[in-house]
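The structure file my_file03.csv is reproduced below (CSV, C-alpha atoms).
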chain,number,residue,atom,x,y,z
A,1,MET,CA,12.5,-21.2,-11.0
A,2,THR,CA,14.3,-18.2,-9.8
A,3,GLN,CA,14.8,-16.7,-6.3
A,4,ILE,CA,15.4,-13.0,-6.4
A,5,ARG,CA,17.3,-11.2,-3.6
A,6,ILE,CA,17.7,-7.4,-3.5
A,7,GLU,CA,20.3,-5.9,-1.2
A,8,SER,CA,20.4,-2.2,-0.2
A,9,LEU,CA,19.2,-1.2,-3.6
A,10,ALA,CA,18.9,2.5,-4.3
A,11,LYS,CA,18.3,4.6,-7.4
A,12,SER,CA,18.6,8.4,-7.7
A,13,TYR,CA,18.1,10.8,-10.5
A,14,GLY,CA,20.3,13.7,-9.5
A,15,ALA,CA,19.0,15.0,-6.2
A,16,ILE,CA,15.8,12.9,-6.4
A,17,ALA,CA,15.8,9.6,-4.7
A,18,ALA,CA,13.4,7.2,-6.5
A,19,LEU,CA,14.4,4.2,-4.4
A,20,ARG,CA,16.0,4.2,-0.9
A,21,SER,CA,18.1,1.2,0.3
A,22,VAL,CA,15.5,-1.6,-0.4
A,23,ASP,CA,16.2,-5.1,1.0
A,24,LEU,CA,13.8,-7.7,-0.3
A,25,GLN,CA,13.7,-11.5,-1.0
A,26,ILE,CA,11.3,-12.9,-3.6
A,27,ARG,CA,10.8,-16.7,-3.3
A,28,SER,CA,11.2,-19.1,-6.2
A,29,GLY,CA,7.9,-19.6,-8.0
A,30,GLU,CA,6.2,-16.9,-6.0
A,31,LEU,CA,3.5,-14.6,-7.4
A,32,PHE,CA,4.9,-11.4,-5.7
A,33,PHE,CA,3.1,-8.0,-5.9
A,34,MET,CA,4.6,-4.6,-5.4
A,35,LEU,CA,1.9,-2.1,-4.3
A,36,GLY,CA,2.0,1.6,-3.6
A,37,PRO,CA,0.8,5.0,-4.8
A,38,SER,CA,2.0,6.7,-8.0
A,39,GLY,CA,5.7,7.8,-7.6
A,40,CYS,CA,6.5,5.4,-4.8
A,41,GLY,CA,9.3,3.6,-6.7
A,42,LYS,CA,7.6,0.3,-7.6
A,43,THR,CA,8.1,0.6,-11.3
A,44,THR,CA,11.7,1.8,-10.8
A,45,LEU,CA,12.4,-1.3,-8.7
A,46,LEU,CA,10.8,-3.5,-11.4
A,47,ARG,CA,13.0,-1.9,-14.1
A,48,LEU,CA,16.1,-2.5,-12.0
A,49,ILE,CA,15.2,-6.2,-11.6
A,50,ALA,CA,14.7,-6.3,-15.4
A,51,GLY,CA,18.1,-4.7,-16.1
A,52,LEU,CA,16.5,-1.8,-18.0
A,53,GLN,CA,18.1,0.6,-15.5
A,54,SER,CA,21.2,0.5,-13.4
A,55,PRO,CA,21.0,1.1,-9.6
A,56,THR,CA,22.9,3.9,-7.9
A,57,SER,CA,24.0,1.4,-5.2
A,58,GLY,CA,23.1,-2.1,-4.0
A,59,ARG,CA,22.9,-5.5,-5.6
A,60,ILE,CA,20.4,-7.8,-7.4
A,61,LEU,CA,20.9,-11.6,-7.2
A,62,PHE,CA,19.1,-14.4,-9.1
A,63,ASN,CA,19.5,-17.7,-7.3
A,64,GLY,CA,22.5,-16.3,-5.4
A,65,GLN,CA,24.3,-15.0,-8.5
A,66,ASP,CA,24.9,-11.3,-8.8
A,67,VAL,CA,23.2,-9.9,-11.9
A,68,THR,CA,23.4,-6.2,-11.0
A,69,ASP,CA,25.7,-5.4,-14.0
A,70,VAL,CA,24.4,-8.2,-16.3
A,71,PRO,CA,22.6,-6.9,-19.5
A,72,THR,CA,18.9,-7.5,-19.7
A,73,GLN,CA,19.1,-10.1,-22.5
A,74,LYS,CA,21.6,-12.2,-20.5
A,75,ARG,CA,19.8,-12.2,-17.1
A,76,ASN,CA,16.6,-13.5,-18.9
A,77,ALA,CA,14.1,-11.4,-17.0
A,78,VAL,CA,11.2,-10.6,-19.3
A,79,MET,CA,9.1,-7.6,-18.7
A,80,CYS,CA,5.5,-6.9,-19.9
A,81,PHE,CA,4.5,-3.3,-20.0
A,82,GLN,CA,1.2,-1.5,-19.7
A,83,GLY,CA,0.8,-1.3,-23.5
A,84,TYR,CA,0.7,-4.7,-25.1
A,85,ALA,CA,3.3,-3.7,-27.8
A,86,LEU,CA,2.1,-6.5,-30.2
A,87,TRP,CA,3.2,-6.4,-33.9
A,88,PRO,CA,0.0,-5.4,-35.8
A,89,HIS,CA,1.1,-7.1,-39.0
A,90,MET,CA,1.7,-10.5,-37.3
A,91,THR,CA,-0.7,-13.1,-36.2
A,92,VAL,CA,-1.0,-14.3,-32.6
A,93,ARG,CA,1.2,-17.3,-33.4
A,94,GLU,CA,3.8,-15.1,-35.1
A,95,ASN,CA,3.8,-12.5,-32.3
A,96,ILE,CA,4.4,-15.3,-29.7
A,97,ARG,CA,7.2,-16.9,-31.8
A,98,PHE,CA,9.0,-13.6,-32.4
A,99,GLY,CA,11.0,-13.7,-29.2
A,100,LEU,CA,12.2,-17.3,-30.0
A,101,SER,CA,13.1,-16.4,-33.5
A,102,VAL,CA,15.5,-13.6,-32.5
A,103,ARG,CA,17.1,-15.8,-29.8
A,104,GLN,CA,17.5,-19.0,-31.8
A,105,THR,CA,18.8,-20.1,-35.2
A,106,PRO,CA,16.6,-21.3,-38.1
A,107,ALA,CA,17.7,-24.9,-37.3
A,108,ASP,CA,15.6,-24.6,-34.1
A,109,ARG,CA,12.4,-24.0,-36.1
A,110,PRO,CA,10.7,-27.3,-35.2
A,111,GLY,CA,11.3,-26.8,-31.5
A,112,GLN,CA,10.1,-23.2,-31.7
A,113,LEU,CA,6.8,-24.2,-33.3
A,114,ALA,CA,6.2,-26.9,-30.7
A,115,ARG,CA,7.0,-24.5,-27.9
A,116,VAL,CA,4.6,-21.9,-29.4
A,117,GLU,CA,1.8,-24.4,-29.5
A,118,GLN,CA,2.4,-25.3,-25.9
A,119,VAL,CA,2.1,-21.7,-24.8
A,120,LEU,CA,-1.0,-21.2,-27.0
A,121,GLU,CA,-2.6,-24.0,-25.0
A,122,ILE,CA,-1.6,-22.4,-21.7
A,123,ILE,CA,-3.3,-19.1,-22.7
A,124,ARG,CA,-6.2,-21.0,-24.3
A,125,MET,CA,-5.9,-19.4,-27.7
A,126,GLN,CA,-5.0,-22.4,-29.9
A,127,GLY,CA,-6.9,-23.1,-33.1
A,128,PRO,CA,-8.5,-20.3,-35.2
A,129,LEU,CA,-7.6,-17.6,-32.6
A,130,ALA,CA,-3.9,-18.2,-33.2
A,131,ASP,CA,-4.2,-17.0,-36.8
A,132,ARG,CA,-5.9,-13.7,-35.9
A,133,LYS,CA,-4.0,-10.4,-35.9
A,134,PRO,CA,-4.0,-8.1,-32.8
A,135,GLN,CA,-6.8,-5.7,-34.1
A,136,GLN,CA,-9.1,-8.8,-34.4
A,137,LEU,CA,-8.7,-9.5,-30.6
A,138,SER,CA,-10.3,-8.2,-27.5
A,139,GLY,CA,-8.2,-6.3,-24.9
A,140,GLY,CA,-8.1,-9.4,-22.7
A,141,GLN,CA,-7.0,-11.6,-25.6
A,142,GLN,CA,-4.2,-9.1,-26.5
A,143,GLN,CA,-3.1,-9.2,-22.9
A,144,ARG,CA,-2.9,-13.0,-23.0
A,145,VAL,CA,-0.8,-12.8,-26.2
A,146,ALA,CA,1.6,-10.4,-24.5
A,147,LEU,CA,2.0,-12.8,-21.6
A,148,ALA,CA,2.5,-15.8,-23.9
A,149,ARG,CA,5.2,-13.9,-25.8
A,150,ALA,CA,7.0,-13.5,-22.5
A,151,LEU,CA,6.5,-17.0,-21.3
A,152,VAL,CA,7.5,-18.7,-24.6
A,153,VAL,CA,11.2,-17.9,-24.0
A,154,ARG,CA,11.2,-19.6,-20.6
A,155,PRO,CA,12.3,-16.5,-18.7
A,156,ALA,CA,14.1,-16.7,-15.3
A,157,CYS,CA,11.3,-14.4,-14.0
A,158,LEU,CA,8.3,-12.6,-15.4
A,159,LEU,CA,7.9,-8.9,-14.6
A,160,LEU,CA,4.5,-7.3,-15.0
A,161,ASP,CA,4.0,-3.5,-14.9
A,162,GLU,CA,0.3,-2.6,-14.4
A,163,PRO,CA,-0.7,-5.2,-17.0
A,164,LEU,CA,-4.5,-4.6,-16.5
A,165,SER,CA,-4.5,-0.8,-16.6
A,166,ASN,CA,-6.1,-0.7,-20.1
A,167,LEU,CA,-9.0,-3.0,-19.3
A,168,ASP,CA,-12.5,-2.2,-18.0
A,169,THR,CA,-13.6,-3.4,-14.6
A,170,HIS,CA,-15.2,-6.7,-15.6
A,171,LEU,CA,-12.3,-7.6,-17.9
A,172,ARG,CA,-9.8,-6.8,-15.1
A,173,GLN,CA,-11.4,-9.2,-12.8
A,174,GLU,CA,-11.4,-11.9,-15.5
A,175,MET,CA,-7.8,-11.3,-16.4
A,176,ARG,CA,-6.6,-11.3,-12.8
A,177,ARG,CA,-7.8,-14.9,-12.6
A,178,GLU,CA,-6.2,-15.7,-16.0
A,179,ILE,CA,-2.8,-14.2,-15.1
A,180,GLU,CA,-2.8,-16.1,-11.8
A,181,ARG,CA,-3.7,-19.4,-13.6
A,182,ILE,CA,-1.1,-18.8,-16.4
A,183,CYS,CA,1.7,-17.9,-14.0
A,184,ARG,CA,1.0,-20.9,-11.7
A,185,GLU,CA,0.7,-23.4,-14.6
A,186,ALA,CA,4.0,-22.1,-16.0
A,187,ALA,CA,5.6,-22.3,-12.5
A,188,ILE,CA,7.5,-19.1,-12.9
A,189,THR,CA,8.6,-16.5,-10.5
A,190,THR,CA,6.4,-13.4,-11.2
A,191,VAL,CA,6.8,-9.9,-9.9
A,192,TYR,CA,3.7,-7.8,-10.5
A,193,VAL,CA,3.5,-4.0,-10.1
A,194,THR,CA,0.1,-2.4,-9.4
A,195,HIS,CA,-1.6,0.4,-7.5
A,196,ASP,CA,-4.9,-1.6,-7.3
A,197,GLN,CA,-5.3,-3.1,-3.8
A,198,LYS,CA,-8.0,-5.6,-5.0
A,199,GLU,CA,-5.6,-7.0,-7.6
A,200,ALA,CA,-2.9,-7.6,-5.0
A,201,LEU,CA,-5.1,-8.9,-2.2
A,202,SER,CA,-7.0,-11.4,-4.5
A,203,THR,CA,-4.0,-12.8,-6.4
A,204,ALA,CA,-0.7,-12.4,-4.6
A,205,ASP,CA,1.3,-14.9,-2.5
A,206,ARG,CA,2.9,-12.0,-0.8
A,207,ILE,CA,2.9,-8.2,-1.2
A,208,ALA,CA,5.4,-5.5,-0.7
A,209,VAL,CA,4.1,-2.0,0.1
A,210,LEU,CA,6.2,0.9,-0.9
A,211,ARG,CA,6.0,4.6,-0.1
A,212,ASP,CA,8.4,7.4,-1.1
A,213,GLY,CA,11.0,5.0,-2.4
A,214,GLN,CA,11.1,2.9,0.8
A,215,LEU,CA,9.8,-0.5,1.6
A,216,VAL,CA,7.1,-0.2,4.3
A,217,GLN,CA,5.9,-3.7,4.9
A,218,VAL,CA,6.1,-7.2,3.3
A,219,GLY,CA,3.6,-10.0,4.0
A,220,THR,CA,0.8,-12.1,2.8
A,221,PRO,CA,-2.5,-10.4,1.8
A,222,GLU,CA,-4.1,-11.5,5.1
A,223,GLU,CA,-1.1,-10.2,7.2
A,224,LEU,CA,-1.1,-6.8,5.5
A,225,TYR,CA,-4.9,-6.4,5.8
A,226,ARG,CA,-5.4,-7.7,9.3
A,227,ARG,CA,-2.1,-6.6,10.9
A,228,PRO,CA,-0.6,-3.6,9.2
A,229,THR,CA,2.5,-2.1,10.8
A,230,ASP,CA,1.5,1.5,10.3
A,231,ALA,CA,-1.4,3.8,9.5
A,232,PHE,CA,-0.3,4.3,5.8
A,233,VAL,CA,-0.4,0.5,5.1
A,234,ALA,CA,-3.7,0.1,7.0
A,235,GLU,CA,-5.4,2.8,5.0
A,236,PHE,CA,-3.8,2.0,1.6
A,237,ILE,CA,-4.5,-1.7,1.7
A,238,GLY,CA,-8.2,-1.2,2.2
A,239,PRO,CA,-10.9,0.9,3.9
A,240,THR,CA,-10.4,1.4,7.6
A,241,ASN,CA,-11.4,3.7,10.5
A,242,LEU,CA,-8.3,5.4,11.9
A,243,ILE,CA,-8.9,6.9,15.4
A,244,ASP,CA,-6.4,8.9,17.4
A,245,ALA,CA,-6.3,7.6,21.0
A,246,GLU,CA,-4.2,7.3,24.1
A,247,ILE,CA,-3.8,4.0,26.0
A,248,VAL,CA,-4.8,4.6,29.7
A,249,SER,CA,-4.4,1.0,31.0
A,250,VAL,CA,-3.4,-2.6,30.1
A,251,SER,CA,-4.8,-5.7,31.8
A,252,ASP,CA,-4.6,-9.4,30.8
A,253,GLY,CA,-3.5,-8.5,27.2
A,254,ILE,CA,-6.3,-6.0,26.7
A,255,ALA,CA,-5.4,-2.3,26.4
A,256,THR,CA,-8.0,0.4,27.1
A,257,ALA,CA,-7.6,3.6,25.1
A,258,SER,CA,-9.4,6.9,25.4
A,259,SER,CA,-10.5,8.5,22.1
A,260,ALA,CA,-13.1,10.9,20.6
A,261,VAL,CA,-15.5,8.0,20.2
A,262,GLY,CA,-15.1,6.9,23.8
A,263,GLN,CA,-13.1,4.2,25.4
A,264,ILE,CA,-11.9,1.4,23.1
A,265,ARG,CA,-10.4,-1.9,24.1
A,266,ALA,CA,-7.7,-3.6,21.9
A,267,GLN,CA,-6.0,-6.9,22.2
A,268,ILE,CA,-2.2,-6.3,22.4
A,269,GLY,CA,1.0,-8.3,22.5
A,270,PRO,CA,3.9,-8.0,24.9
A,271,SER,CA,5.7,-5.4,22.7
A,272,SER,CA,2.7,-3.3,21.9
A,273,LEU,CA,2.8,0.5,21.9
A,274,THR,CA,1.8,2.7,24.8
A,275,GLY,CA,0.8,6.3,25.2
A,276,LYS,CA,-0.5,8.2,22.2
A,277,VAL,CA,-1.5,5.7,19.4
A,278,ARG,CA,-3.7,5.3,16.4
A,279,LEU,CA,-6.3,2.6,16.2
A,280,SER,CA,-7.4,0.9,13.0
A,281,ILE,CA,-10.8,-0.9,12.7
A,282,ARG,CA,-12.0,-2.3,9.4
A,283,PRO,CA,-15.6,-1.2,8.5
A,284,GLU,CA,-16.8,-4.8,7.9
A,285,LEU,CA,-15.7,-5.9,11.4
A,286,ILE,CA,-18.2,-3.5,13.0
A,287,ARG,CA,-21.7,-5.0,13.6
A,288,VAL,CA,-25.1,-3.7,14.6
A,289,VAL,CA,-26.5,-4.8,18.0
A,290,ARG,CA,-30.1,-6.0,17.5
A,291,GLY,CA,-32.7,-6.0,20.3
A,292,ALA,CA,-32.0,-5.1,23.9
A,293,PRO,CA,-28.3,-4.9,24.4
A,294,ALA,CA,-26.9,-7.4,27.0
A,295,GLY,CA,-23.8,-7.0,29.0
A,296,VAL,CA,-20.5,-6.4,27.2
A,297,ALA,CA,-17.7,-9.0,27.4
A,298,ALA,CA,-14.2,-7.9,28.3
A,299,ASN,CA,-13.0,-8.6,24.7
A,300,VAL,CA,-15.8,-6.6,23.0
A,301,ASN,CA,-16.4,-2.9,22.4
A,302,ARG,CA,-19.8,-1.3,22.3
A,303,VAL,CA,-20.6,2.2,21.2
A,304,THR,CA,-23.8,4.1,20.6
A,305,GLY,CA,-24.2,6.6,17.7
A,306,ALA,CA,-26.5,8.0,15.1
A,307,ILE,CA,-26.7,7.2,11.4
A,308,LEU,CA,-25.5,10.2,9.3
A,309,ALA,CA,-25.6,8.7,5.8
A,310,SER,CA,-26.1,5.3,4.1
A,311,SER,CA,-25.1,4.0,0.7
A,312,PHE,CA,-26.3,0.9,-1.1
A,313,LEU,CA,-23.4,-1.0,-2.8
A,314,GLY,CA,-25.1,-4.0,-4.1
A,315,GLN,CA,-23.8,-6.9,-2.1
A,316,SER,CA,-23.3,-4.6,0.9
A,317,SER,CA,-24.3,-1.3,2.4
A,318,GLU,CA,-22.0,1.4,3.8
A,319,HIS,CA,-23.1,3.6,6.7
A,320,LEU,CA,-21.5,6.6,8.3
A,321,VAL,CA,-22.2,6.8,12.0
A,322,SER,CA,-21.6,9.7,14.4
A,323,VAL,CA,-20.2,8.4,17.7
A,324,GLY,CA,-19.3,10.9,20.4
A,325,ALA,CA,-17.0,13.5,18.9
A,326,GLY,CA,-16.0,11.2,16.1
A,327,GLN,CA,-17.3,9.0,13.3
A,328,PHE,CA,-17.3,5.4,12.2
A,329,ARG,CA,-17.6,4.0,8.7
A,330,MET,CA,-19.4,0.6,8.8
A,331,LEU,CA,-19.9,-2.0,6.0
A,332,CYS,CA,-22.8,-4.4,6.3
A,333,ALA,CA,-23.2,-7.6,4.2
A,334,PRO,CA,-25.9,-8.4,3.3
A,335,PRO,CA,-27.1,-4.8,3.1
A,336,GLN,CA,-29.0,-3.2,5.9
A,337,TYR,CA,-31.9,-1.2,4.5
A,338,ASN,CA,-33.5,0.1,7.7
A,339,LEU,CA,-30.7,1.7,9.7
A,340,LYS,CA,-31.8,5.1,10.8
A,341,GLY,CA,-31.4,7.2,13.9
A,342,ALA,CA,-29.7,5.8,17.0
A,343,VAL,CA,-27.8,2.5,16.7
A,344,SER,CA,-25.6,0.4,19.0
A,345,LEU,CA,-22.4,-1.0,17.4
A,346,GLU,CA,-20.0,-3.7,18.5
A,347,PHE,CA,-16.6,-4.8,17.4
A,348,ASP,CA,-14.1,-7.2,19.0
A,349,ALA,CA,-10.9,-6.1,20.8
A,350,ALA,CA,-9.0,-8.6,18.7
A,351,ASP,CA,-10.0,-6.6,15.5
A,352,VAL,CA,-8.6,-3.3,16.8
A,353,VAL,CA,-5.0,-2.8,15.5
A,354,VAL,CA,-2.8,-0.5,17.6
A,355,LEU,CA,-0.5,1.6,15.5
A,356,ALA,CA,2.1,4.3,16.2
A,357,ARG,CA,0.9,7.9,16.0
Go ahead and render the structure in this file as structure tokens.
Amino acid sequence: MTQIRIESLAKSYGAIAALRSVDLQIRSGELFFMLGPSGCGKTTLLRLIAGLQSPTSGRILFNGQDVTDVPTQKRNAVMCFQGYALWPHMTVRENIRFGLSVRQTPADRPGQLARVEQVLEIIRMQGPLADRKPQQLSGGQQQRVALARALVVRPACLLLDEPLSNLDTHLRQEMRREIERICREAAITTVYVTHDQKEALSTADRIAVLRDGQLVQVGTPEELYRRPTDAFVAEFIGPTNLIDAEIVSVSDGIATASSAVGQIRAQIGPSSLTGKVRLSIRPELIRVVRGAPAGVAANVNRVTGAILASSFLGQSSEHLVSVGAGQFRMLCAPPQYNLKGAVSLEFDAADVVVLAR
């Protein structure tokens, strides 16, 4: 398995900076995701790791060895692109073996065939499926063949560039699980580029969020979702309510902030921000108060508002609530069918994230 270290890596195209002094460490055997909007630099970073492009400055190290100037074929980093790029005239088995055949001699043929069969078993396409040609396969099966072709050469690391972009929603969900299973069974360091937050949150060991060629935050899916470091990460990683506020007091680790929706309490640490801030509250962490409201605990917020709109989403329902001079978006699971008119809402101070404004 391979540990990847990136030091002050930058890439420019003339006056355009695609990547700006990125420092990053990807652990051995990790399923690591790079997430960000289009044009943020994530594919550029992936291509630099693969050796398909050369950096303007900085270094790339595999297990402590500098590979910045090592050709792609010698650093053994295999990249899977959005298109499957399978040979249409070859069977599944022949497509998978192709990489081995160009790297090894005919004398290695018995070992090649055995390795191909091992990988066919990993992707669960042994037997009659292995003799089909790409046009006889579903999109998900073609994706598995592309992965197998990369895995069969035992790469130092596997690099995936939006591998599920050509699949429909149901197949994407199925293939997310398959990719995770295949990569973990193969015990290979995998770097996966996507702009799909659900893909990253449901599959990654850790995620790097990029914006405008810069690394914004790195952490586990839970860390990024529950404790983003800025408003961009909070909003990009999943739906949230962002509220401009100003902290007016702090007592016993609870800050009280004034905002357009009233006073909001937030649990803070010793180094938390003061003055003008932005508050992030996830929609699913807001709950409806049923019956006659009792007293409010010091670590709980309560606001009163009016339902503006409701949407049924199947397993949940989404509600837009007018509160004071602002609005809250709330997610209820299971769905709430009878929310109309005035409502009282609660959310914990611990669930309010204080961000710089």
Which of A:Arg287, A:Arg47, A:His170, A:Arg115 sits closest to Arg329 (chain A) [using only C-alpha atoms]: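 Going through A:Arg287, A:Arg47, A:His170, A:Arg115 one by one, the smallest distance to Arg329 (chain A) is for A:Arg287.
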Provide the CA of Tyr337 (chain A) to CA of Ala325 (chain A) distance in Å, to one decimal place.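 Interatomic distance here is 25.4 Å.
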Looking at only C-alpha atoms, which of A:Ala10, A:Val353, A:Leu45, A:Leu147 is the one that sits closest to Ile96 (chain A)?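 Smallest separation from Ile96 (chain A) among the options: A:Leu147.
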Arg282 (chain A) surroundings by all atoms listed in the file, 7 Å radius, close-in-sequence under 6 positions cut, as a ChimeraX atom specification: /A:239-241
May I ask for the distance between CA of Val303 (chain A) and CA of Ser259 (chain A), given in Å to one decimal place? 11.9 Å
How far is it from CA of Asp348 (chain A) to CA of Ile207 (chain A), in Å with one decimal?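 A separation of 26.4 Å between them.
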Who sits within 9 Å of region 154-157 of chain A, only C-alpha atoms, same chain under 2 positions skipped, as a CSV table (one decimal) with C-alpha atoms, keeping the file's coordinate frame:
chain,number,residue,atom,x,y,z
A,1,MET,CA,12.5,-21.2,-11.0
A,2,THR,CA,14.3,-18.2,-9.8
A,3,GLN,CA,14.8,-16.7,-6.3
A,4,ILE,CA,15.4,-13.0,-6.4
A,29,GLY,CA,7.9,-19.6,-8.0
A,50,ALA,CA,14.7,-6.3,-15.4
A,62,PHE,CA,19.1,-14.4,-9.1
A,75,ARG,CA,19.8,-12.2,-17.1
A,76,ASN,CA,16.6,-13.5,-18.9
A,77,ALA,CA,14.1,-11.4,-17.0
A,78,VAL,CA,11.2,-10.6,-19.3
A,79,MET,CA,9.1,-7.6,-18.7
A,150,ALA,CA,7.0,-13.5,-22.5
A,151,LEU,CA,6.5,-17.0,-21.3
A,152,VAL,CA,7.5,-18.7,-24.6
A,159,LEU,CA,7.9,-8.9,-14.6
A,186,ALA,CA,4.0,-22.1,-16.0
A,188,ILE,CA,7.5,-19.1,-12.9
A,189,THR,CA,8.6,-16.5,-10.5
A,190,THR,CA,6.4,-13.4,-11.2
A,191,VAL,CA,6.8,-9.9,-9.9
Find the residues near Val209 (chain A): any atom within 7 Å, counting all atoms listed in the file, skip ones fewer than 2 places away on the same chain, and give them as a PyMOL selection string. chain A and resi 34-36+207+211+215-218
Would you please work out which residue, of A:Ile26, A:Ile254, A:Val248, A:Ala148, is nearest to Glu121 (chain A) when using all atoms listed in the file? A:Ala148
With all atoms listed in the file as the atoms that count, which of A:Thr169, A:Cys332, A:Leu201, A:Leu224 lies nearest to Ser316 (chain A)?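 Of the candidates, the smallest distance to Ser316 (chain A) is held by A:Cys332.
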